[in-house]
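Input: a single structure, listed below in structure tokens.
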Amino acid sequence: MIFYNVEADDAERVRRELFQQLDRMRKAGEARLFDLCAAVQEIIENHETKALHAAIAEVANRLNIFLKGNRSLGAREHLAHLEAINTIKTVRYASTLWAATRRSGEYSGLNLVQLVGVGAARDARLRSDAWFKGLDAFIKSLKADDDLAIASRTIDQIAASAAASKMTFLESAQRGGVEVYRDPLTQAPVWANCVAEWGQGPGFKLRVADRLEKWFAAKPDLKQTLEDIINSLWEQSVISPLLLLAEENAPEEEPTAGMQFLGKRFA
């Protein structure tokens, strides 16, 4: 701010100070314009990279939101042992079942332990079908968003990861069913009773199925153990890999003001 007394002050000095002030104002405006030009130039030179990073970050954010709202596996729909029981009832030859009972359920022509594993995998598929259909719809919505077209490879990576996770989950569920039931089932005394049903007249298959069904019903601890394993496999095989993808593609957090200040002081 310049003060001028027309009667006492030197007009030339005031004029010089005024011009100097105007010059400083022009230089300040010039510096701001150059800064803006540099920022615009950076955007022009890196707009594709920045757009890609922004699109990938948006995909990661949406995936994270989807997983937060859709994390749990569906409720159990099919007890694992029902696969074995239904097969026993419909096996073509009673002699095949008799051979299986004499080998504690592990006969090459009718392996009841493996059928329990198949039943566990079938239940896992039924429980997860709706979830994977929801994920497919979510991925299609990402692909349909024109603003995310530049991140198509990241979206494809999510789809590929989900497909691999689904296969791993179902295969692991089958192995889990076998591991939980193999020792308790093959070492159970129920097999001696099943063998004794041979030669007792028509209905051998139904009588064996009834004895085994009662044995399975009396083992709620095995059902719960398998349930815990299935839910753990769901987290490890399906949810965790997708969460990791979301985390890897999320934008890096900006340092806080305090950290920026410390960085300047100790740089």
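In the structure tokens, the first chain shown is A, the next is B, and so on; residue numbers restart at 1 for each chain, and ligands run from 1 in the order shown.
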>> Using DSSP assignments from the backbone, pull out every residue in region 112-255 of chain A that falls under alpha helix (DSSP H) and give it to me as a count of residues only.
In response: 114
Skip Ala55 (chain A) itself and residues of its chain fewer than 2 positions away, then list as a PDB file with N, CA, C and O atoms, in the first residue's frame all residues within 7 Å of it, counting only C-alpha atoms.
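Done, and the output landed in result29.pdb:
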ATOM      1  N   ALA A  51      -5.518 -41.846 -16.311  1.00  0.00           N
ATOM      2  CA  ALA A  51      -6.865 -42.386 -16.512  1.00  0.00           C
ATOM      3  C   ALA A  51      -6.903 -43.880 -16.201  1.00  0.00           C
ATOM      4  O   ALA A  51      -7.851 -44.382 -15.608  1.00  0.00           O
ATOM      5  N   LEU A  52      -5.845 -44.594 -16.613  1.00  0.00           N
ATOM      6  CA  LEU A  52      -5.771 -46.036 -16.346  1.00  0.00           C
ATOM      7  C   LEU A  52      -5.724 -46.295 -14.840  1.00  0.00           C
ATOM      8  O   LEU A  52      -6.451 -47.140 -14.315  1.00  0.00           O
ATOM      9  N   HIS A  53      -4.844 -45.547 -14.152  1.00  0.00           N
ATOM     10  CA  HIS A  53      -4.735 -45.738 -12.710  1.00  0.00           C
ATOM     11  C   HIS A  53      -6.055 -45.408 -12.014  1.00  0.00           C
ATOM     12  O   HIS A  53      -6.452 -46.116 -11.078  1.00  0.00           O
ATOM     13  N   ALA A  57      -8.266 -48.124  -9.963  1.00  0.00           N
ATOM     14  CA  ALA A  57      -8.608 -47.835  -8.571  1.00  0.00           C
ATOM     15  C   ALA A  57     -10.118 -47.912  -8.354  1.00  0.00           C
ATOM     16  O   ALA A  57     -10.585 -48.403  -7.328  1.00  0.00           O
ATOM     17  N   GLU A  58     -10.884 -47.449  -9.341  1.00  0.00           N
ATOM     18  CA  GLU A  58     -12.343 -47.505  -9.231  1.00  0.00           C
ATOM     19  C   GLU A  58     -12.837 -48.947  -9.263  1.00  0.00           C
ATOM     20  O   GLU A  58     -13.742 -49.325  -8.508  1.00  0.00           O
ATOM     21  N   VAL A  59     -12.248 -49.777 -10.127  1.00  0.00           N
ATOM     22  CA  VAL A  59     -12.611 -51.196 -10.172  1.00  0.00           C
ATOM     23  C   VAL A  59     -12.309 -51.855  -8.825  1.00  0.00           C
ATOM     24  O   VAL A  59     -13.124 -52.618  -8.288  1.00  0.00           O
ATOM     25  N   LEU A 148     -14.809 -47.434 -17.483  1.00  0.00           N
ATOM     26  CA  LEU A 148     -13.871 -48.443 -16.989  1.00  0.00           C
ATOM     27  C   LEU A 148     -13.303 -49.319 -18.106  1.00  0.00           C
ATOM     28  O   LEU A 148     -12.594 -50.284 -17.836  1.00  0.00           O
ATOM     29  N   ILE A 150     -10.955 -48.800 -20.107  1.00  0.00           N
ATOM     30  CA  ILE A 150      -9.493 -48.791 -20.141  1.00  0.00           C
ATOM     31  C   ILE A 150      -8.902 -49.791 -19.143  1.00  0.00           C
ATOM     32  O   ILE A 150      -7.741 -50.202 -19.278  1.00  0.00           O
ATOM     33  N   ALA A 151      -9.711 -50.215 -18.158  1.00  0.00           N
ATOM     34  CA  ALA A 151      -9.240 -51.166 -17.135  1.00  0.00           C
ATOM     35  C   ALA A 151      -9.765 -52.574 -17.415  1.00  0.00           C
ATOM     36  O   ALA A 151      -9.919 -53.375 -16.498  1.00  0.00           O
TER      37      ALA A 151
END
Within 12 Å of region 216-227 of chain A, counting only C-alpha atoms, which residues qualify if same-chain residues fewer than 5 places away don't, as an mmCIF file with all heavy atoms, in the first residue's frame?
data_model
loop_
_atom_site.group_PDB
_atom_site.id
_atom_site.type_symbol
_atom_site.label_atom_id
_atom_site.label_comp_id
_atom_site.auth_asym_id
_atom_site.auth_seq_id
_atom_site.Cartn_x
_atom_site.Cartn_y
_atom_site.Cartn_z
ATOM 1 N N LEU A 73 -20.721 -67.479 2.652
ATOM 2 C CA LEU A 73 -21.204 -68.599 1.841
ATOM 3 C C LEU A 73 -22.643 -68.890 2.234
ATOM 4 O O LEU A 73 -23.033 -68.713 3.390
ATOM 5 C CB LEU A 73 -20.318 -69.823 2.099
ATOM 6 C CG LEU A 73 -20.682 -71.128 1.385
ATOM 7 C CD1 LEU A 73 -20.538 -70.974 -0.127
ATOM 8 C CD2 LEU A 73 -19.792 -72.266 1.890
ATOM 9 N N GLY A 74 -23.438 -69.364 1.274
ATOM 10 C CA GLY A 74 -24.829 -69.692 1.548
ATOM 11 C C GLY A 74 -24.972 -70.827 2.554
ATOM 12 O O GLY A 74 -24.015 -71.550 2.860
ATOM 13 N N ALA A 75 -26.187 -70.995 3.080
ATOM 14 C CA ALA A 75 -26.449 -72.040 4.072
ATOM 15 C C ALA A 75 -26.347 -73.425 3.432
ATOM 16 O O ALA A 75 -26.512 -73.594 2.221
ATOM 17 C CB ALA A 75 -27.840 -71.844 4.669
ATOM 18 N N ARG A 76 -26.082 -74.420 4.270
ATOM 19 C CA ARG A 76 -25.957 -75.793 3.785
ATOM 20 C C ARG A 76 -27.276 -76.249 3.162
ATOM 21 O O ARG A 76 -28.347 -76.041 3.710
ATOM 22 C CB ARG A 76 -25.570 -76.711 4.943
ATOM 23 C CG ARG A 76 -25.331 -78.159 4.539
ATOM 24 C CD ARG A 76 -24.640 -78.928 5.655
ATOM 25 N NE ARG A 76 -25.352 -78.787 6.919
ATOM 26 C CZ ARG A 76 -24.785 -79.024 8.099
ATOM 27 N NH1 ARG A 76 -23.522 -79.381 8.186
ATOM 28 N NH2 ARG A 76 -25.491 -78.889 9.211
ATOM 29 N N GLU A 77 -27.194 -76.897 2.009
ATOM 30 C CA GLU A 77 -28.383 -77.337 1.294
ATOM 31 C C GLU A 77 -28.451 -78.854 1.124
ATOM 32 O O GLU A 77 -29.527 -79.398 0.869
ATOM 33 C CB GLU A 77 -28.430 -76.682 -0.101
ATOM 34 C CG GLU A 77 -28.563 -75.163 -0.055
ATOM 35 C CD GLU A 77 -28.883 -74.585 -1.412
ATOM 36 O OE1 GLU A 77 -29.263 -75.349 -2.317
ATOM 37 O OE2 GLU A 77 -28.757 -73.359 -1.569
ATOM 38 N N HIS A 78 -27.329 -79.517 1.259
ATOM 39 C CA HIS A 78 -27.282 -80.945 0.914
ATOM 40 C C HIS A 78 -26.252 -81.619 1.823
ATOM 41 O O HIS A 78 -25.061 -81.346 1.708
ATOM 42 C CB HIS A 78 -26.878 -81.088 -0.565
ATOM 43 C CG HIS A 78 -26.839 -82.494 -1.065
ATOM 44 N ND1 HIS A 78 -27.895 -83.077 -1.727
ATOM 45 C CD2 HIS A 78 -25.875 -83.438 -1.004
ATOM 46 C CE1 HIS A 78 -27.570 -84.311 -2.067
ATOM 47 N NE2 HIS A 78 -26.350 -84.558 -1.636
ATOM 48 N N LEU A 79 -26.705 -82.469 2.747
ATOM 49 C CA LEU A 79 -25.776 -83.170 3.624
ATOM 50 C C LEU A 79 -24.854 -84.062 2.803
ATOM 51 O O LEU A 79 -25.289 -84.748 1.871
ATOM 52 C CB LEU A 79 -26.536 -84.003 4.650
ATOM 53 C CG LEU A 79 -27.336 -83.193 5.690
ATOM 54 C CD1 LEU A 79 -28.181 -84.123 6.542
ATOM 55 C CD2 LEU A 79 -26.409 -82.368 6.565
ATOM 56 N N ALA A 80 -23.570 -84.058 3.143
ATOM 57 C CA ALA A 80 -22.569 -84.755 2.328
ATOM 58 C C ALA A 80 -22.861 -86.240 2.182
ATOM 59 O O ALA A 80 -22.649 -86.826 1.111
ATOM 60 C CB ALA A 80 -21.184 -84.542 2.946
ATOM 61 N N HIS A 81 -23.378 -86.880 3.225
ATOM 62 C CA HIS A 81 -23.550 -88.334 3.168
ATOM 63 C C HIS A 81 -24.741 -88.773 2.318
ATOM 64 O O HIS A 81 -24.871 -89.955 1.986
ATOM 65 C CB HIS A 81 -23.689 -88.898 4.585
ATOM 66 C CG HIS A 81 -24.987 -88.545 5.262
ATOM 67 N ND1 HIS A 81 -25.142 -87.413 6.015
ATOM 68 C CD2 HIS A 81 -26.179 -89.186 5.288
ATOM 69 C CE1 HIS A 81 -26.370 -87.372 6.491
ATOM 70 N NE2 HIS A 81 -27.015 -88.437 6.061
ATOM 71 N N LEU A 82 -25.636 -87.839 1.956
ATOM 72 C CA LEU A 82 -26.808 -88.223 1.167
ATOM 73 C C LEU A 82 -26.430 -88.778 -0.202
ATOM 74 O O LEU A 82 -27.163 -89.586 -0.769
ATOM 75 C CB LEU A 82 -27.737 -87.019 1.009
ATOM 76 C CG LEU A 82 -28.433 -86.541 2.294
ATOM 77 C CD1 LEU A 82 -29.353 -85.374 1.984
ATOM 78 C CD2 LEU A 82 -29.200 -87.676 2.956
ATOM 79 N N ALA A 84 -23.940 -90.780 -0.826
ATOM 80 C CA ALA A 84 -23.659 -92.203 -0.617
ATOM 81 C C ALA A 84 -24.947 -92.982 -0.360
ATOM 82 O O ALA A 84 -25.143 -94.086 -0.911
ATOM 83 C CB ALA A 84 -22.693 -92.368 0.550
ATOM 84 N N ILE A 85 -25.839 -92.439 0.454
ATOM 85 C CA ILE A 85 -27.090 -93.130 0.776
ATOM 86 C C ILE A 85 -27.939 -93.323 -0.474
ATOM 87 O O ILE A 85 -28.494 -94.419 -0.718
ATOM 88 C CB ILE A 85 -27.883 -92.336 1.842
ATOM 89 C CG1 ILE A 85 -27.092 -92.241 3.150
ATOM 90 C CG2 ILE A 85 -29.245 -92.983 2.079
ATOM 91 C CD1 ILE A 85 -26.762 -93.559 3.787
ATOM 92 N N VAL A 116 -19.092 -89.689 -0.211
ATOM 93 C CA VAL A 116 -19.309 -88.634 0.785
ATOM 94 C C VAL A 116 -18.574 -87.364 0.349
ATOM 95 O O VAL A 116 -19.099 -86.253 0.463
ATOM 96 C CB VAL A 116 -18.827 -89.089 2.184
ATOM 97 C CG1 VAL A 116 -18.887 -87.924 3.161
ATOM 98 C CG2 VAL A 116 -19.678 -90.245 2.689
ATOM 99 N N GLY A 117 -17.350 -87.530 -0.173
ATOM 100 C CA GLY A 117 -16.608 -86.379 -0.682
ATOM 101 C C GLY A 117 -17.329 -85.718 -1.845
ATOM 102 O O GLY A 117 -17.399 -84.479 -1.928
ATOM 103 N N GLY A 119 -20.505 -85.772 -2.316
ATOM 104 C CA GLY A 119 -21.652 -85.078 -1.730
ATOM 105 C C GLY A 119 -21.260 -83.742 -1.127
ATOM 106 O O GLY A 119 -22.003 -82.757 -1.227
ATOM 107 N N ALA A 120 -20.094 -83.679 -0.500
ATOM 108 C CA ALA A 120 -19.618 -82.416 0.076
ATOM 109 C C ALA A 120 -19.374 -81.391 -1.024
ATOM 110 O O ALA A 120 -19.697 -80.201 -0.875
ATOM 111 C CB ALA A 120 -18.343 -82.657 0.874
ATOM 112 N N ALA A 121 -18.788 -81.839 -2.127
ATOM 113 C CA ALA A 121 -18.528 -80.931 -3.249
ATOM 114 C C ALA A 121 -19.834 -80.460 -3.884
ATOM 115 O O ALA A 121 -19.958 -79.290 -4.278
ATOM 116 C CB ALA A 121 -17.662 -81.632 -4.285
ATOM 117 N N ASP A 123 -22.745 -80.109 -2.370
ATOM 118 C CA ASP A 123 -23.324 -79.115 -1.470
ATOM 119 C C ASP A 123 -22.601 -77.781 -1.602
ATOM 120 O O ASP A 123 -23.233 -76.719 -1.625
ATOM 121 C CB ASP A 123 -23.237 -79.619 -0.026
ATOM 122 C CG ASP A 123 -23.722 -78.582 0.971
ATOM 123 O OD1 ASP A 123 -24.890 -78.165 0.870
ATOM 124 O OD2 ASP A 123 -22.925 -78.163 1.831
ATOM 125 N N ALA A 124 -21.274 -77.827 -1.703
ATOM 126 C CA ALA A 124 -20.488 -76.596 -1.861
ATOM 127 C C ALA A 124 -20.879 -75.868 -3.141
ATOM 128 O O ALA A 124 -20.962 -74.633 -3.167
ATOM 129 C CB ALA A 124 -19.002 -76.930 -1.862
ATOM 130 N N ARG A 127 -24.341 -74.256 -2.695
ATOM 131 C CA ARG A 127 -24.279 -73.111 -1.790
ATOM 132 C C ARG A 127 -23.602 -71.900 -2.412
ATOM 133 O O ARG A 127 -23.862 -70.761 -2.005
ATOM 134 C CB ARG A 127 -23.538 -73.506 -0.512
ATOM 135 C CG ARG A 127 -24.215 -74.606 0.256
ATOM 136 C CD ARG A 127 -23.345 -75.165 1.361
ATOM 137 N NE ARG A 127 -23.124 -74.191 2.416
ATOM 138 C CZ ARG A 127 -22.499 -74.480 3.557
ATOM 139 N NH1 ARG A 127 -22.033 -75.695 3.761
ATOM 140 N NH2 ARG A 127 -22.347 -73.556 4.469
ATOM 141 N N SER A 172 -11.372 -78.749 -3.089
ATOM 142 C CA SER A 172 -10.978 -78.809 -1.684
ATOM 143 C C SER A 172 -12.132 -79.290 -0.813
ATOM 144 O O SER A 172 -11.918 -79.998 0.180
ATOM 145 C CB SER A 172 -10.505 -77.435 -1.213
ATOM 146 O OG SER A 172 -9.375 -77.007 -1.947
ATOM 147 N N ALA A 173 -13.360 -78.906 -1.169
ATOM 148 C CA ALA A 173 -14.527 -79.360 -0.418
ATOM 149 C C ALA A 173 -14.675 -80.876 -0.523
ATOM 150 O O ALA A 173 -15.004 -81.548 0.465
ATOM 151 C CB ALA A 173 -15.785 -78.669 -0.942
ATOM 152 N N GLN A 174 -14.420 -81.414 -1.713
ATOM 153 C CA GLN A 174 -14.498 -82.868 -1.883
ATOM 154 C C GLN A 174 -13.447 -83.573 -1.026
ATOM 155 O O GLN A 174 -13.746 -84.552 -0.334
ATOM 156 C CB GLN A 174 -14.322 -83.242 -3.349
ATOM 157 C CG GLN A 174 -14.425 -84.748 -3.601
ATOM 158 C CD GLN A 174 -14.504 -85.092 -5.077
ATOM 159 O OE1 GLN A 174 -14.752 -84.227 -5.913
ATOM 160 N NE2 GLN A 174 -14.312 -86.355 -5.409
ATOM 161 N N ARG A 175 -12.231 -83.077 -1.061
ATOM 162 C CA ARG A 175 -11.174 -83.676 -0.232
ATOM 163 C C ARG A 175 -11.508 -83.542 1.255
ATOM 164 O O ARG A 175 -11.243 -84.449 2.047
ATOM 165 C CB ARG A 175 -9.827 -83.006 -0.526
ATOM 166 C CG ARG A 175 -9.254 -83.356 -1.891
ATOM 167 C CD ARG A 175 -7.779 -82.986 -1.967
ATOM 168 N NE ARG A 175 -7.570 -81.564 -1.763
ATOM 169 C CZ ARG A 175 -7.578 -80.670 -2.754
ATOM 170 N NH1 ARG A 175 -7.780 -81.065 -3.995
ATOM 171 N NH2 ARG A 175 -7.362 -79.388 -2.504
ATOM 172 N N GLY A 176 -12.101 -82.400 1.619
ATOM 173 C CA GLY A 176 -12.470 -82.188 3.018
ATOM 174 C C GLY A 176 -13.492 -83.207 3.487
ATOM 175 O O GLY A 176 -13.389 -83.731 4.606
ATOM 176 N N GLY A 177 -14.481 -83.508 2.648
ATOM 177 C CA GLY A 177 -15.484 -84.507 3.007
ATOM 178 C C GLY A 177 -14.868 -85.878 3.235
ATOM 179 O O GLY A 177 -15.206 -86.587 4.189
ATOM 180 N N VAL A 178 -13.942 -86.253 2.365
ATOM 181 C CA VAL A 178 -13.269 -87.551 2.498
ATOM 182 C C VAL A 178 -12.428 -87.590 3.770
ATOM 183 O O VAL A 178 -12.459 -88.573 4.531
ATOM 184 C CB VAL A 178 -12.389 -87.824 1.255
ATOM 185 C CG1 VAL A 178 -11.523 -89.070 1.474
ATOM 186 C CG2 VAL A 178 -13.266 -88.003 0.016
ATOM 187 N N GLU A 179 -11.672 -86.530 4.022
ATOM 188 C CA GLU A 179 -10.777 -86.509 5.177
ATOM 189 C C GLU A 179 -11.542 -86.559 6.496
ATOM 190 O O GLU A 179 -11.116 -87.218 7.449
ATOM 191 C CB GLU A 179 -9.901 -85.255 5.127
ATOM 192 C CG GLU A 179 -8.865 -85.286 4.001
ATOM 193 C CD GLU A 179 -8.145 -83.965 3.838
ATOM 194 O OE1 GLU A 179 -8.426 -83.046 4.644
ATOM 195 O OE2 GLU A 179 -7.320 -83.845 2.921
ATOM 196 N N VAL A 180 -12.680 -85.855 6.559
ATOM 197 C CA VAL A 180 -13.451 -85.824 7.807
ATOM 198 C C VAL A 180 -14.079 -87.183 8.110
ATOM 199 O O VAL A 180 -14.090 -87.634 9.267
ATOM 200 C CB VAL A 180 -14.547 -84.730 7.732
ATOM 201 C CG1 VAL A 180 -15.537 -84.870 8.891
ATOM 202 C CG2 VAL A 180 -13.913 -83.350 7.760
ATOM 203 N N TYR A 181 -14.593 -87.865 7.071
ATOM 204 C CA TYR A 181 -15.385 -89.077 7.300
ATOM 205 C C TYR A 181 -14.621 -90.382 7.131
ATOM 206 O O TYR A 181 -15.098 -91.427 7.609
ATOM 207 C CB TYR A 181 -16.600 -89.074 6.366
ATOM 208 C CG TYR A 181 -17.730 -88.207 6.867
ATOM 209 C CD1 TYR A 181 -17.848 -86.889 6.466
ATOM 210 C CD2 TYR A 181 -18.678 -88.718 7.753
ATOM 211 C CE1 TYR A 181 -18.891 -86.092 6.932
ATOM 212 C CE2 TYR A 181 -19.719 -87.941 8.219
ATOM 213 C CZ TYR A 181 -19.824 -86.629 7.813
ATOM 214 O OH TYR A 181 -20.846 -85.842 8.288
ATOM 215 N N ARG A 182 -13.474 -90.369 6.476
ATOM 216 C CA ARG A 182 -12.815 -91.644 6.162
ATOM 217 C C ARG A 182 -12.546 -92.496 7.404
ATOM 218 O O ARG A 182 -13.028 -93.637 7.500
ATOM 219 C CB ARG A 182 -11.510 -91.405 5.405
ATOM 220 C CG ARG A 182 -10.651 -92.679 5.281
ATOM 221 C CD ARG A 182 -9.490 -92.499 4.350
ATOM 222 N NE ARG A 182 -9.909 -92.681 2.969
ATOM 223 C CZ ARG A 182 -9.354 -92.063 1.932
ATOM 224 N NH1 ARG A 182 -8.377 -91.184 2.132
ATOM 225 N NH2 ARG A 182 -9.785 -92.301 0.708
ATOM 226 N N ASP A 183 -11.788 -92.012 8.345
ATOM 227 C CA ASP A 183 -11.431 -92.832 9.514
ATOM 228 C C ASP A 183 -12.637 -93.204 10.364
ATOM 229 O O ASP A 183 -12.817 -94.396 10.695
ATOM 230 C CB ASP A 183 -10.381 -92.108 10.355
ATOM 231 C CG ASP A 183 -9.015 -92.099 9.691
ATOM 232 O OD1 ASP A 183 -8.825 -92.849 8.700
ATOM 233 O OD2 ASP A 183 -8.138 -91.333 10.135
ATOM 234 N N PRO A 184 -13.492 -92.241 10.745
ATOM 235 C CA PRO A 184 -14.656 -92.625 11.555
ATOM 236 C C PRO A 184 -15.565 -93.629 10.855
ATOM 237 O O PRO A 184 -16.085 -94.552 11.494
ATOM 238 C CB PRO A 184 -15.384 -91.295 11.794
ATOM 239 C CG PRO A 184 -14.338 -90.252 11.632
ATOM 240 C CD PRO A 184 -13.429 -90.779 10.565
ATOM 241 N N LEU A 185 -15.748 -93.462 9.530
ATOM 242 C CA LEU A 185 -16.673 -94.342 8.816
ATOM 243 C C LEU A 185 -16.082 -95.722 8.585
ATOM 244 O O LEU A 185 -16.742 -96.741 8.818
ATOM 245 C CB LEU A 185 -17.057 -93.700 7.476
ATOM 246 C CG LEU A 185 -18.051 -94.492 6.608
ATOM 247 C CD1 LEU A 185 -19.344 -94.770 7.376
ATOM 248 C CD2 LEU A 185 -18.351 -93.730 5.318
ATOM 249 N N ALA A 188 -15.982 -97.816 11.791
ATOM 250 C CA ALA A 188 -17.230 -97.933 12.551
ATOM 251 C C ALA A 188 -17.705 -99.383 12.606
ATOM 252 O O ALA A 188 -17.588 -100.128 11.616
ATOM 253 C CB ALA A 188 -18.301 -97.055 11.917
ATOM 254 N N VAL A 190 -20.597 -100.356 12.422
ATOM 255 C CA VAL A 190 -21.831 -100.499 11.650
ATOM 256 C C VAL A 190 -21.663 -101.438 10.459
ATOM 257 O O VAL A 190 -22.627 -102.069 10.006
ATOM 258 C CB VAL A 190 -22.323 -99.105 11.171
ATOM 259 C CG1 VAL A 190 -21.382 -98.524 10.123
ATOM 260 C CG2 VAL A 190 -23.733 -99.188 10.622
ATOM 261 N N ALA A 209 -28.818 -99.103 3.688
ATOM 262 C CA ALA A 209 -28.960 -97.642 3.625
ATOM 263 C C ALA A 209 -29.525 -97.104 4.929
ATOM 264 O O ALA A 209 -29.077 -96.061 5.436
ATOM 265 C CB ALA A 209 -29.859 -97.257 2.456
ATOM 266 N N ASP A 210 -30.494 -97.798 5.502
ATOM 267 C CA ASP A 210 -31.103 -97.359 6.754
ATOM 268 C C ASP A 210 -30.098 -97.388 7.903
ATOM 269 O O ASP A 210 -30.037 -96.450 8.705
ATOM 270 C CB ASP A 210 -32.298 -98.248 7.085
ATOM 271 C CG ASP A 210 -33.007 -97.803 8.348
ATOM 272 O OD1 ASP A 210 -33.521 -96.664 8.371
ATOM 273 O OD2 ASP A 210 -33.017 -98.584 9.326
ATOM 274 N N ARG A 211 -29.278 -98.451 7.988
ATOM 275 C CA ARG A 211 -28.281 -98.548 9.054
ATOM 276 C C ARG A 211 -27.239 -97.432 8.930
ATOM 277 O O ARG A 211 -26.862 -96.801 9.925
ATOM 278 C CB ARG A 211 -27.598 -99.918 9.027
ATOM 279 C CG ARG A 211 -28.465 -101.051 9.568
ATOM 280 C CD ARG A 211 -27.669 -102.339 9.694
ATOM 281 N NE ARG A 211 -28.440 -103.400 10.311
ATOM 282 C CZ ARG A 211 -28.580 -103.584 11.616
ATOM 283 N NH1 ARG A 211 -28.000 -102.735 12.471
ATOM 284 N NH2 ARG A 211 -29.295 -104.587 12.103
ATOM 285 N N SER A 232 -14.113 -72.293 6.085
ATOM 286 C CA SER A 232 -12.713 -71.859 6.066
ATOM 287 C C SER A 232 -12.159 -71.896 4.646
ATOM 288 O O SER A 232 -11.447 -70.975 4.213
ATOM 289 C CB SER A 232 -11.883 -72.756 6.982
ATOM 290 O OG SER A 232 -10.522 -72.390 6.943
ATOM 291 N N LEU A 233 -12.491 -72.952 3.903
ATOM 292 C CA LEU A 233 -12.047 -73.061 2.507
ATOM 293 C C LEU A 233 -12.624 -71.930 1.659
ATOM 294 O O LEU A 233 -11.960 -71.419 0.754
ATOM 295 C CB LEU A 233 -12.465 -74.417 1.925
ATOM 296 C CG LEU A 233 -11.720 -75.645 2.459
ATOM 297 C CD1 LEU A 233 -12.378 -76.922 1.957
ATOM 298 C CD2 LEU A 233 -10.255 -75.610 2.032
ATOM 299 N N TRP A 234 -13.852 -71.548 1.947
ATOM 300 C CA TRP A 234 -14.492 -70.446 1.215
ATOM 301 C C TRP A 234 -13.700 -69.152 1.385
ATOM 302 O O TRP A 234 -13.425 -68.443 0.419
ATOM 303 C CB TRP A 234 -15.917 -70.279 1.708
ATOM 304 C CG TRP A 234 -16.645 -69.114 1.131
ATOM 305 C CD1 TRP A 234 -16.949 -67.926 1.737
ATOM 306 C CD2 TRP A 234 -17.167 -69.004 -0.208
ATOM 307 N NE1 TRP A 234 -17.615 -67.092 0.896
ATOM 308 C CE2 TRP A 234 -17.770 -67.725 -0.309
ATOM 309 C CE3 TRP A 234 -17.194 -69.854 -1.298
ATOM 310 C CZ2 TRP A 234 -18.378 -67.284 -1.472
ATOM 311 C CZ3 TRP A 234 -17.801 -69.418 -2.464
ATOM 312 C CH2 TRP A 234 -18.392 -68.152 -2.550
#
